[in-house]
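Visitor: Okay, handing you the structure first.
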Amino acid sequence: MYRLALNMLFGDRAKLAMLLCGLAFSALLMAQQSSVFFGIMSWTYTPMVNIRAQVWVSDPMVEQVNDAKPLRDTDLGRVRSVDGVAWAAPLHTSFVQARMQDGNFKLITLVGIDADTFAGAPAVLTQGRIEDLRLPDTVIVDEWGAALMGRMTVGPDGKPRSVPLKVGDTFEINDIQARIVGICKVKRAFTGGPFVYTTYDRAKGYTLGARRTLSFMLVEPQKGVTPGELCDRIERDTGLKAWTSDTVIWSWGERSLARNTFWWFWTNTGIPFSFGTAVLLGLFVGIAISGQTFYSFVLENLKYFAAIKAMGAGMGVIARMLFVQAFTAGLIGFGLGAGMAQGIGRVMIEKGMPPFVMYPQILWATFVLVLGISFVSAIIGIIKVSRVDAASVFRG
Amino acid sequence: MSHLAHTVAVRASGVDMFFGTPENQVVALKQADFEARRGELIMLVGPSGCGKTTLLSVIAGTLTPQAGTVEVFGQRLDGLGQEELTAFRRKHLGFVFQSFNLIPTLTVIENVMVPLLIQGRPYDEAHARSLAIIEKVGLKGREEGRPNSLSGGQQQRVAIARALVHEPPLLICDEPTSALDKDTGGHIMQLVRDLSRSPERCVVVVTHDHRIFRFADRIAEMEDGRISRVVDDPKLLDTTHL
């Protein structure tokens with residue numbers, strides 16, 4: 001009977017198309033909005049991804065990576081003296097205004113790294129060398145920032161266009177010259193400003209007036225010491241807060257600064273509510289369209305289901321037929337919706353906006369929700385058919 | 001067991017059936033008695049609202065009477081639960097409906113296969129048996145078409161094939177010719193008679209159509225919810241009120 005159930009479903013192409021549209025749209029909305037949500041949330045802990053170190057140390061009051069509370073420079077020595085520390089390097093992060101050559105101002109994320117070890121330096125440089133940061137007044141700008149901060153010029157067609165910054169170009173931070181010696185590739189951040197790397201000491205100069213400039217300390221454990229163990233020791237010996245740097249959302253531990261940043265944004269911003277609403281909307285739209293269409297499909301076939309009942313099919317068989325129809329439509333609808341979400345995601349990833357991270361778990365969750373919609377639709381149909389009297393087939 | 005007991009296919013005794021609330025009650029059957037024999041084609045006739053369809057539903061086990069007993073091929077239906085009634089219909093009954101009730105999104109052969117698949121027969125076996133009976137009803141070559149590509153007469157042939165494919169001992173036909181013209185109706189009844197004729201099978205036909213009375217072995221006339229008389233010869237019926 002299941003084969004016939006499928007033939008009944010596929011035989012009514014108009015209804016099937018409507019059903020699939022509802023399910024696919026629902027799957028698309030849920031998968032796409034969830035992926036953008038996780039993409040945006042992944043931007044909140046971007047510094048953890050761009051500045052690699054196994055352990056981060058901060059002021060005890062720090063709650064998340066974008067909210068640095070400056071430490072005393074002497075704290076670096078205290079951390080270095082903790083048993084199990086291989087090395088510890090200073091890190092400065094702050095948001096400052098950069099003045100472009102054309103007079104425009106741009107907000108940037110200034111990152112000051114240790115000039116001796118280059119701990120926390122960007123992993124990929126597309127232009128220049130990291131060692132050139134040791135030259136006076138030098139900075140490394142990220143690729144996206146180089147485009148954003150580009151010079152306005154007139155193109156061959158006479159129209160204004162922006163030319164990305166390149167090695168050798170200059171701009172100013174707090175009236176101090178910053179000369180570009182490298183272009184790097186890093187992940188974009190939630191706060192929006194481009195990453196501008198310089199040395200820790202020069203960053204102090206760029207942030208004139210700041211009494212304390214040590215935002216974090218990047219620490220490497222000695223061989224045989226786990227990051228978790230080292231965090232315990234640092235906290236016990238210095239009273240500072242130590243964090244691990246794992247950024248994989250599904251496996252990060254409680255000490256992860258990325259995890260704490262994620263949850264800080266979750267509880268202190270309207271992002272989850274906004275995207276959660278969109279996902280719920282997808283779910284409700286799916287239930288409404290698919291449930292209604294499937295119900296209408298059942299209504300149209302009601303007299304045939306009654307005939308099948310009269311011929312001796314129990315409600316169990318009919319219920320299974322309806323489940324087969326609903327779940328098959330659900331599977332196809334999910335495939336179409338998830339495929340479209342992937343396609344949109346590819347375009348988004350290429351353009352870099354908005355951020356898009358489609359974890360397998362998102363697909364699984366969408367799959368389960370779409371099957372849930374199919375289940376609800378089937379149940380609505382089953383209730384209707386169960387109320388049909390088999391004797392109604394004799395009433396013309 | 002008497003000779004009569006062997007020959008009786010359907011027996012309904014003292015059947016009461018009413019619908020609605022006690023204050024607003026519609027009596028459909030009132031102490032109705034009915035008997036059909038094995039090997040015969042019996043027609044139930046009477047004016048609209050006399051209870052023909054209700055009696056047919058009671059015999060088919062799709063309605064349970066408030067009083068009386070119903071016995072079909074030795075099986076008492078009045079004491080059976082819904083699941084047992086469903087199983088009984090699956091095994092013992094074939095249906096031909098007034099409006100054919102062919103599923104439009106299935107092909108002809110898929111429609112015919114339905115009773116066999118409900119019985120849990122393998123798809124291939126159901127397909128082969130359905131193909132054979134489609135040939136018998138004269139629709140060979142049309143098995144992969146959709147019902148709506150067929151004429152009314154052809155659709156009723158498909159319905160007959162579907163009703164007989166699982167070889168049920170009782171064939172129930174509800175106004176099988178009402179949607180057909182005179183000639184087509186005659187052909188359909190001839191087909192029902194030819195294909196269903198068997199010493200062990202009983203065919204009960206509810207009809208208004210006096211043009212097909214000649215195909216009946218006996219005719220039971222109903223009036224006000226009960227059988228008023230049973231005749232062997234259609235000419236004995238007054239058909240002016242039918």
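Every chain in the structure tokens has a letter given in the order shown (A, B, ...), and although residue numbers restart at 1 in each chain, ligands are simply numbered from 1 in the order shown.
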Please identify which residues in range 188-275 of chain A DSSP calls helix (DSSP H, G or I) from the backbone, and express them as a PyMOL selection string.
Guide: chain A and resi 200-206+227-238+257-268+271-275
Visitor: Output C-alpha atoms for every residue in the selection just made, as an mmCIF file, in the first residue's frame.
Guide:
data_model
loop_
_atom_site.group_PDB
_atom_site.id
_atom_site.type_symbol
_atom_site.label_atom_id
_atom_site.label_comp_id
_atom_site.auth_asym_id
_atom_site.auth_seq_id
_atom_site.Cartn_x
_atom_site.Cartn_y
_atom_site.Cartn_z
ATOM 1 C CA TYR A 200 52.792 46.008 21.758
ATOM 2 C CA ASP A 201 55.070 48.950 22.516
ATOM 3 C CA ARG A 202 53.930 50.885 19.459
ATOM 4 C CA ALA A 203 50.302 50.206 20.366
ATOM 5 C CA LYS A 204 51.011 51.977 23.669
ATOM 6 C CA GLY A 205 52.106 54.971 21.634
ATOM 7 C CA TYR A 206 49.012 54.894 19.447
ATOM 8 C CA PRO A 227 45.821 24.376 29.172
ATOM 9 C CA GLY A 228 43.179 23.578 31.803
ATOM 10 C CA GLU A 229 45.782 22.700 34.428
ATOM 11 C CA LEU A 230 47.754 25.830 33.631
ATOM 12 C CA CYS A 231 44.637 27.981 33.961
ATOM 13 C CA ASP A 232 44.087 26.532 37.451
ATOM 14 C CA ARG A 233 47.659 27.299 38.457
ATOM 15 C CA ILE A 234 47.589 30.858 37.069
ATOM 16 C CA GLU A 235 44.335 31.663 38.838
ATOM 17 C CA ARG A 236 45.544 30.151 42.087
ATOM 18 C CA ASP A 237 48.957 31.884 42.059
ATOM 19 C CA THR A 238 48.048 35.302 40.609
ATOM 20 C CA LEU A 257 36.896 32.468 26.500
ATOM 21 C CA ALA A 258 35.118 31.970 23.172
ATOM 22 C CA ARG A 259 32.336 30.042 24.912
ATOM 23 C CA ASN A 260 31.935 32.745 27.552
ATOM 24 C CA THR A 261 31.889 35.394 24.858
ATOM 25 C CA PHE A 262 29.221 33.463 22.927
ATOM 26 C CA TRP A 263 27.005 33.165 25.981
ATOM 27 C CA TRP A 264 27.623 36.785 26.988
ATOM 28 C CA PHE A 265 26.218 37.896 23.643
ATOM 29 C CA TRP A 266 23.428 35.330 23.957
ATOM 30 C CA THR A 267 22.243 36.744 27.276
ATOM 31 C CA ASN A 268 23.061 40.426 26.828
ATOM 32 C CA ILE A 271 20.497 38.525 18.648
ATOM 33 C CA PRO A 272 19.126 35.140 19.795
ATOM 34 C CA PHE A 273 15.633 36.582 20.135
ATOM 35 C CA SER A 274 15.765 38.124 16.684
ATOM 36 C CA PHE A 275 17.044 35.025 14.924
#
Visitor: Per residue of chain A within 9 Å of chain B, record the nearest atom pair and its distance in Å to one decimal, counting only C-alpha atoms, with rows in chain order and ascending residue number, as CSV.
Guide:
residue,atom,partner,partner_atom,distance
A:Met1,CA,B:Leu117,CA,5.7
A:Arg3,CA,B:Tyr123,CA,8.9
A:Leu4,CA,B:Glu110,CA,7.0
A:Asn7,CA,B:Leu106,CA,6.3
A:Met8,CA,B:Thr105,CA,5.2
A:Leu9,CA,B:Thr105,CA,7.8
A:Phe10,CA,B:Thr105,CA,7.8
A:Gly11,CA,B:Thr105,CA,4.5
A:Asp12,CA,B:Thr105,CA,6.2
A:Asn301,CA,B:Ile103,CA,7.8
A:Lys303,CA,B:Asn101,CA,7.2
A:Tyr304,CA,B:Asn101,CA,6.1
A:Ala307,CA,B:Asn101,CA,6.8
A:Ile308,CA,B:Val114,CA,7.8
A:Lys309,CA,B:Thr86,CA,7.6
A:Ala310,CA,B:Thr62,CA,6.7
A:Met311,CA,B:Arg90,CA,5.6
A:Gly312,CA,B:Arg90,CA,3.9
A:Ala313,CA,B:Ile118,CA,5.7
A:Gly314,CA,B:Thr86,CA,6.3
A:Val317,CA,B:Ile118,CA,8.0
A:Asp389,CA,B:Thr62,CA,7.7
A:Ala390,CA,B:Thr62,CA,5.7
A:Ala391,CA,B:Thr62,CA,5.0
A:Ser392,CA,B:Thr62,CA,8.8
A:Val393,CA,B:Phe97,CA,7.3
A:Phe394,CA,B:Thr53,CA,6.5
A:Arg395,CA,B:Thr53,CA,7.5
A:Gly396,CA,B:Gln98,CA,6.1
Visitor: Just want the 10 Å neighbourhood of Leu55 in chain B, counted on only C-alpha atoms, with same-chain residues fewer than 5 positions away dropped. Output as a PyMOL selection string.
Guide: chain B and resi 12+15-17+28-29+32-34+44+50+60-61+63+65+206+222+225-227
Visitor: Just how far from CA of Val141 in chain A is CA of Thr247 in chain A, in Å to one decimal?
Guide: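 Value for the CA of Thr247 in chain A-CA of Val141 in chain A distance: 23.2 Å.
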Visitor: CA of His127 in chain B and CA of Lys140 in chain B, how far apart in Å?
Guide: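 So the two atoms, CA of Lys140 in chain B and CA of His127 in chain B, lie 13.4 Å apart.
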Visitor: For CA of Phe375 in chain A and CA of Ala326 in chain A, determine how far apart the two atoms are, in Å to one decimal place.
Guide: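 Separation of CA of Phe375 in chain A and CA of Ala326 in chain A: 6.9 Å.
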